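Visitor: Got entry_37.cif for you, mmCIF, C-alpha atoms:
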```cif
data_target
#
loop_
_atom_site.label_atom_id
_atom_site.label_comp_id
_atom_site.auth_asym_id
_atom_site.auth_seq_id
_atom_site.Cartn_x
_atom_site.Cartn_y
_atom_site.Cartn_z
CA MET A 1290 254.86 107.51 91.97
CA THR A 1291 254.35 106.32 95.55
CA GLN A 1292 253.53 109.06 97.97
CA ASP A 1293 254.79 109.23 101.52
CA PRO A 1294 251.74 109.20 103.86
CA ASP A 1295 253.59 111.77 106.03
CA ARG A 1296 252.22 114.85 104.31
CA GLU A 1297 254.63 117.23 106.02
CA LYS A 1298 257.36 115.76 103.79
CA TRP A 1299 255.46 116.21 100.53
CA ASN A 1300 256.72 118.51 97.80
CA GLU A 1301 254.51 120.43 95.37
CA PHE A 1302 254.41 117.50 92.94
CA ASP A 1303 253.15 115.10 95.63
CA TRP A 1304 250.43 117.60 96.48
CA GLU A 1305 249.64 118.14 92.79
CA LEU A 1306 249.05 114.41 92.35
CA GLU A 1307 246.75 114.30 95.38
CA LEU A 1308 244.82 117.38 94.26
CA ARG A 1309 244.26 115.79 90.86
CA LYS A 1310 242.87 112.74 92.62
CA ASP A 1311 240.66 115.09 94.63
CA ASP A 1312 239.29 116.43 91.34
CA ALA A 1313 238.69 112.86 90.18
CA ARG A 1314 236.77 112.08 93.39
CA VAL A 1315 234.59 115.18 92.93
CA ASN A 1316 233.89 114.18 89.32
CA ALA A 1317 233.05 110.60 90.33
CA TYR A 1318 230.69 111.83 93.04
CA ALA A 1319 228.96 114.23 90.64
CA ALA A 1320 228.61 111.49 88.00
CA ASP A 1321 226.97 109.05 90.42
CA LEU A 1322 224.76 111.53 92.25
CA PRO A 1323 221.90 111.57 89.67
CA LYS A 1324 221.65 107.77 89.92
CA TYR A 1325 221.24 107.71 93.70
CA ILE A 1326 219.79 111.12 94.59
CA ASP A 1327 216.33 109.74 95.52
CA LEU A 1328 217.61 106.78 97.58
CA PRO A 1329 218.13 106.73 101.35
CA ASP A 1330 221.75 107.43 102.33
CA GLU A 1331 222.77 108.33 98.81
CA ASP A 1332 226.06 109.76 100.11
CA GLY A 1333 226.94 106.45 101.75
CA LEU A 1334 226.12 104.49 98.61
CA ILE A 1335 228.25 106.74 96.43
CA MET A 1336 231.17 106.70 98.87
CA ASN A 1337 231.07 102.89 99.01
CA ARG A 1338 231.29 102.79 95.22
CA MET A 1339 234.19 105.25 95.25
CA ARG A 1340 236.10 103.25 97.87
CA ARG A 1341 236.13 100.28 95.51
CA ARG A 1342 238.15 102.30 93.00
CA PRO A 1343 241.87 102.15 93.82
CA ASP A 1344 242.57 105.09 91.49
CA LEU A 1345 240.50 107.36 93.76
CA ALA A 1346 242.06 106.28 97.07
CA PRO A 1347 243.90 109.00 99.00
CA ALA A 1348 247.59 108.61 99.84
CA GLY A 1349 248.07 105.75 102.27
CA GLY A 1350 244.58 104.45 101.46
CA ASP A 1351 243.05 106.25 104.45
CA TRP A 1352 239.65 107.51 103.34
CA THR A 1353 238.94 109.02 106.77
CA LYS A 1354 241.42 111.85 106.04
CA LEU A 1355 239.08 113.18 103.38
CA GLY A 1356 236.58 114.37 105.97
CA PRO A 1357 232.82 114.39 105.33
CA VAL A 1358 231.41 113.76 101.90
CA PRO A 1359 229.82 116.74 100.08
CA TYR A 1360 226.83 118.28 101.87
CA GLU A 1361 227.42 116.14 104.98
CA ARG A 1362 228.11 118.92 107.46
CA ASP A 1363 226.50 119.87 110.72
CA GLU A 1364 224.49 123.10 110.46
CA GLU A 1365 226.00 124.41 113.70
CA ASP A 1366 229.51 123.90 112.28
CA GLU A 1367 228.56 125.88 109.19
CA GLU A 1368 227.18 128.72 111.30
CA ASP A 1369 230.41 128.80 113.34
CA ASP A 1370 232.49 128.90 110.17
CA GLU A 1371 230.45 131.78 108.78
CA GLU A 1372 230.73 133.70 112.06
CA ASP A 1373 234.52 133.23 112.15
CA PHE A 1374 234.71 134.41 108.55
CA ARG A 1375 232.66 137.54 109.29
CA GLN A 1376 234.79 138.35 112.34
CA GLU A 1377 238.07 138.01 110.47
CA SER A 1378 239.04 141.50 109.31
CA ASN A 1379 242.36 140.76 107.62
CA TRP A 1380 241.39 138.25 104.94
CA LYS A 1381 240.97 140.96 102.29
CA LYS A 1382 244.66 141.79 102.68
CA THR A 1383 245.86 138.30 101.76
CA PRO A 1384 247.37 137.67 98.30
CA CYS A 1385 244.52 135.43 97.19
CA ALA A 1386 241.73 137.73 98.40
CA PRO A 1387 241.27 139.40 94.97
CA VAL A 1388 240.83 135.94 93.43
CA TYR A 1389 238.15 135.01 95.96
CA ARG A 1390 236.31 138.32 95.68
CA THR A 1391 236.38 138.35 91.87
CA THR A 1392 235.14 134.77 91.71
CA SER A 1393 232.30 135.53 94.13
CA ARG A 1394 231.20 138.42 91.91
CA LEU A 1395 231.35 136.24 88.79
CA VAL A 1396 229.26 133.51 90.46
CA ARG A 1397 226.55 136.00 91.36
CA ASP A 1398 226.64 137.49 87.89
CA TRP A 1399 226.31 134.10 86.18
CA CYS A 1400 223.44 133.04 88.44
CA ALA A 1401 221.59 136.26 87.62
CA PHE A 1402 222.23 135.73 83.92
CA TYR A 1403 220.90 132.17 83.97
CA ALA A 1404 217.86 133.11 86.06
CA SER A 1405 216.92 135.87 83.63
CA SER A 1406 217.51 133.79 80.48
CA GLY A 1407 214.72 131.26 81.11
CA GLU A 1408 216.58 128.79 78.83
CA THR A 1409 216.29 125.22 80.11
CA ALA A 1410 218.99 124.19 77.61
CA LEU A 1411 221.48 126.20 79.66
CA LEU A 1412 220.90 124.21 82.86
CA VAL A 1413 223.59 121.56 82.39
CA PRO A 1414 226.35 123.91 81.13
CA THR A 1415 225.39 126.38 83.87
CA MET A 1416 225.82 123.70 86.53
CA ARG A 1417 229.23 122.81 85.11
CA ILE A 1418 230.25 126.45 85.12
CA LEU A 1419 229.04 127.01 88.69
CA CYS A 1420 230.79 123.86 89.90
CA SER A 1421 234.02 125.12 88.33
CA TYR A 1422 233.59 128.48 90.04
CA GLY A 1423 232.91 126.60 93.29
CA LYS A 1424 236.26 124.82 93.03
CA ILE A 1425 238.02 128.14 92.52
CA LEU A 1426 236.26 129.60 95.57
CA ALA A 1427 237.14 126.59 97.72
CA ARG A 1428 240.80 126.50 96.77
CA SER A 1429 241.35 130.24 96.97
CA GLY A 1430 239.59 130.10 100.35
CA ASP A 1431 242.06 127.43 101.50
CA LEU A 1432 244.95 129.70 100.52
CA ILE A 1433 243.38 132.59 102.43
CA ASP A 1434 242.88 130.40 105.52
CA MET A 1435 246.54 129.33 105.46
CA ALA A 1436 247.70 132.92 105.02
CA LEU A 1437 245.71 133.93 108.11
CA ASP A 1438 246.86 131.02 110.27
CA PRO A 1439 249.48 132.34 112.75
CA GLU A 1440 250.77 128.78 113.19
CA ASP A 1441 251.04 128.08 109.46
CA PRO A 1442 254.27 126.03 109.15
CA PRO A 1443 256.89 126.61 106.42
CA THR A 1444 256.20 123.04 105.25
CA SER A 1445 252.82 124.20 103.91
CA ARG A 1446 254.46 126.14 101.06
CA PRO A 1447 254.49 123.13 98.66
CA LEU A 1448 250.76 122.70 99.27
CA LYS A 1449 250.12 126.39 98.58
CA ILE A 1450 252.08 126.17 95.33
CA ALA A 1451 250.17 123.05 94.30
CA LEU A 1452 246.85 124.71 95.12
CA CYS A 1453 247.79 127.74 93.07
CA LYS A 1454 248.75 125.54 90.12
CA ARG A 1455 245.42 123.70 90.36
CA LEU A 1456 243.64 127.06 90.47
CA LEU A 1457 245.36 128.05 87.23
CA SER A 1458 244.22 124.76 85.72
CA ASP A 1459 240.67 125.32 87.03
CA VAL A 1460 240.56 128.78 85.42
CA ASN A 1461 241.77 127.38 82.09
CA ALA A 1462 239.18 124.59 82.19
CA LEU A 1463 236.41 127.07 83.02
CA MET A 1464 237.40 129.29 80.11
CA GLY A 1465 237.11 126.21 77.90
CA GLU A 1466 233.57 125.55 79.20
CA LEU A 1467 232.57 129.14 78.43
CA PHE A 1468 234.06 128.95 74.94
CA LYS A 1469 232.13 125.75 74.21
CA LEU A 1470 228.92 127.30 75.53
CA HIS A 1471 228.92 130.40 73.37
CA ALA A 1472 229.88 128.28 70.34
CA PHE A 1473 226.81 126.12 71.06
CA SER A 1474 224.52 128.97 72.12
CA PRO A 1475 225.33 132.26 70.30
CA GLU A 1476 222.92 134.25 72.47
CA THR A 1477 225.25 133.66 75.44
CA GLU A 1478 228.33 134.96 73.61
CA ARG A 1479 228.38 138.43 75.15
CA LYS A 1480 228.07 137.15 78.70
CA CYS A 1481 230.60 134.37 78.11
CA LEU A 1482 233.11 136.84 76.70
CA GLU A 1483 232.66 139.09 79.74
CA HIS A 1484 233.50 136.15 82.00
CA GLU A 1485 236.39 135.05 79.81
CA ASP A 1486 237.90 138.53 80.06
CA ALA A 1487 237.49 138.50 83.85
CA LEU A 1488 239.04 135.03 84.06
CA THR A 1489 242.02 136.19 82.01
CA ARG A 1490 242.66 138.85 84.65
CA LEU A 1491 242.11 136.24 87.35
CA HIS A 1492 244.71 134.05 85.67
CA ASP A 1493 247.21 136.93 85.82
CA LEU A 1494 246.47 137.45 89.52
CA LEU A 1495 247.13 133.78 90.21
CA LEU A 1496 250.43 133.92 88.32
CA ASP A 1497 251.46 136.78 90.64
CA VAL A 1498 250.47 134.72 93.71
CA LEU A 1499 252.38 131.71 92.38
CA SER A 1500 255.46 133.83 91.70
CA THR A 1501 255.33 135.18 95.26
CA LEU A 1502 255.03 131.66 96.70
CA ARG A 1503 257.92 130.36 94.62
CA ALA A 1504 260.03 133.27 95.86
CA GLY A 1505 259.37 132.06 99.37
CA SER A 1506 257.26 135.01 100.56
#
```
When written as structure tokens, how does the structure in this file appear?
Guide:
Amino acid sequence: MTQDPDREKWNEFDWELELRKDDARVNAYAADLPKYIDLPDEDGLIMNRMRRRPDLAPAGGDWTKLGPVPYERDEEDEEDDEEDFRQESNWKKTPCAPVYRTTSRLVRDWCAFYASSGETALLVPTMRILCSYGKILARSGDLIDMALDPEDPPTSRPLKIALCKRLLSDVNALMGELFKLHAFSPETERKCLEHEDALTRLHDLLLDVLSTLRAGS
């Protein structure tokens, strides 16, 4: 499928394809990072490798639309973003706010669990789990930002639907990671089951958000 570079004309399936490529870019970056982490300009090296892969190229082949690579952000910009977030009083009323808040709580809970376990064998699966939670936070945050934007155009609805579908996929994948972990490490079973139960409720919340979006609200 060839995508139109004019994103305002995209439907949910165009956005779904691009979001899947976004996942592939994140995975490629994470896979290469251990190889280059101690080298100067590791981000630049990894991005140059990624740009040589046609399957990772964004629609239209314009890599500049992706913005900065991970961790390449100005500290002042981050402080401004945090200040805007603190000043915004209506975000908790948006449809995706329960998803964001629940995920934030689960992240803190998992970090505390790992820190108290002292099990070095849990490091790699813990990083995978936290990265998955990070994707859910980022995408639910995008939906919150669009809901708060007074100039949010009607053409953004296909993107919102695609984001919600990817969130459902992210939740399913995370539940799979947790299932594999407690099968491998029985001592984690209780904590994994707690998170699986919470993610099941999160899945139901996202289905409600998706239903609302499809209804045009």
Visitor: Around range 1398-1412 of chain A, with edges along x, y and z and 3 Å added on all six sides, what centre and edge lengths do you get, in Å to one decimal, as lines of an AutoDock Vina configuration file?
Guide:
```
center_x = 220.7
center_y = 130.8
center_z = 83.0
size_x = 17.9
size_y = 19.3
size_z = 16.8
```
Visitor: Could you check which of A:Trp1380, A:Phe1473, A:Phe1302, A:Phe1468 is closest to Leu1452 in chain A, using only C-alpha atoms?
Guide: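 Among A:Trp1380, A:Phe1473, A:Phe1302, A:Phe1468, it is A:Phe1302 that comes nearest to Leu1452 in chain A.
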Visitor: Looking at A:Leu1463, A:Leu1448, A:Ala1317, A:Ala1472, which one is nearest to Arg1296 in chain A, with distances taken over all atoms listed in the file?
Guide: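 Under the stated criterion, the closest residue is A:Leu1448.
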Visitor: Given the choices A:Arg1446, A:Arg1503, A:Arg1390, A:Lys1310, which gets closest to Leu1426 in chain A if the distance is worked out from all atoms listed in the file?
Guide: A:Arg1390
Visitor: Expand the PyMOL selection byres ((chain A and resi 1393) around 12) into the explicit residue set it covers here, and present it as a PyMOL selection string.
Guide: chain A and resi 1386-1392+1394-1400+1419+1422-1427+1429-1430+1487+1491
Visitor: Could you dump the residues just selected with C-alpha atoms as a JSON list (two decimals), in the frame of the given file?
Guide:
```
[["chain", "number", "residue", "atom", "x", "y", "z"],
["A", 1386, "ALA", "CA", 241.73, 137.73, 98.40],
["A", 1387, "PRO", "CA", 241.27, 139.40, 94.97],
["A", 1388, "VAL", "CA", 240.83, 135.94, 93.43],
["A", 1389, "TYR", "CA", 238.15, 135.01, 95.96],
["A", 1390, "ARG", "CA", 236.31, 138.32, 95.68],
["A", 1391, "THR", "CA", 236.38, 138.35, 91.87],
["A", 1392, "THR", "CA", 235.14, 134.77, 91.71],
["A", 1394, "ARG", "CA", 231.20, 138.42, 91.91],
["A", 1395, "LEU", "CA", 231.35, 136.24, 88.79],
["A", 1396, "VAL", "CA", 229.26, 133.51, 90.46],
["A", 1397, "ARG", "CA", 226.55, 136.00, 91.36],
["A", 1398, "ASP", "CA", 226.64, 137.49, 87.89],
["A", 1399, "TRP", "CA", 226.31, 134.10, 86.18],
["A", 1400, "CYS", "CA", 223.44, 133.04, 88.44],
["A", 1419, "LEU", "CA", 229.04, 127.01, 88.69],
["A", 1422, "TYR", "CA", 233.59, 128.48, 90.04],
["A", 1423, "GLY", "CA", 232.91, 126.60, 93.29],
["A", 1424, "LYS", "CA", 236.26, 124.82, 93.03],
["A", 1425, "ILE", "CA", 238.02, 128.14, 92.52],
["A", 1426, "LEU", "CA", 236.26, 129.60, 95.57],
["A", 1427, "ALA", "CA", 237.14, 126.59, 97.72],
["A", 1429, "SER", "CA", 241.35, 130.24, 96.97],
["A", 1430, "GLY", "CA", 239.59, 130.10, 100.35],
["A", 1487, "ALA", "CA", 237.49, 138.50, 83.85],
["A", 1491, "LEU", "CA", 242.11, 136.24, 87.35]]
```
Visitor: Going by the chain IDs and residue numbers used in this file, which residues fall under the PyMOL selection byres ((chain A and resi 1466) around 10)? Write them as an MDAnalysis selection string.
Guide: chainID A and resid 1414:1415 1417:1418 1421 1460:1465 1467:1472 1481 1485
Visitor: Can you work out which one of A:Ser1406, A:Thr1383, A:Ser1500, A:Asn1300 has the shortest atom-to-atom distance to Asp1438 in chain A, counting only C-alpha atoms?
Guide: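 Of all the options, A:Thr1383 lies closest to Asp1438 in chain A.
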Visitor: Given the file shown, determine the residues that the PyMOL selection byres ((chain A and resi 1339) around 12) selects; report them as a PyMOL selection string.
Guide: chain A and resi 1310-1311+1313-1322+1332-1338+1340-1347+1352+1358
Visitor: Write out as an NGL selection string each polymer residue whose atoms come within 8 Å of Leu1308 in chain A, counting only C-alpha atoms; drop sequence neighbours fewer than 3 positions from it.
Guide: :A and (1304-1305 or 1311-1312 or 1451-1452 or 1455)
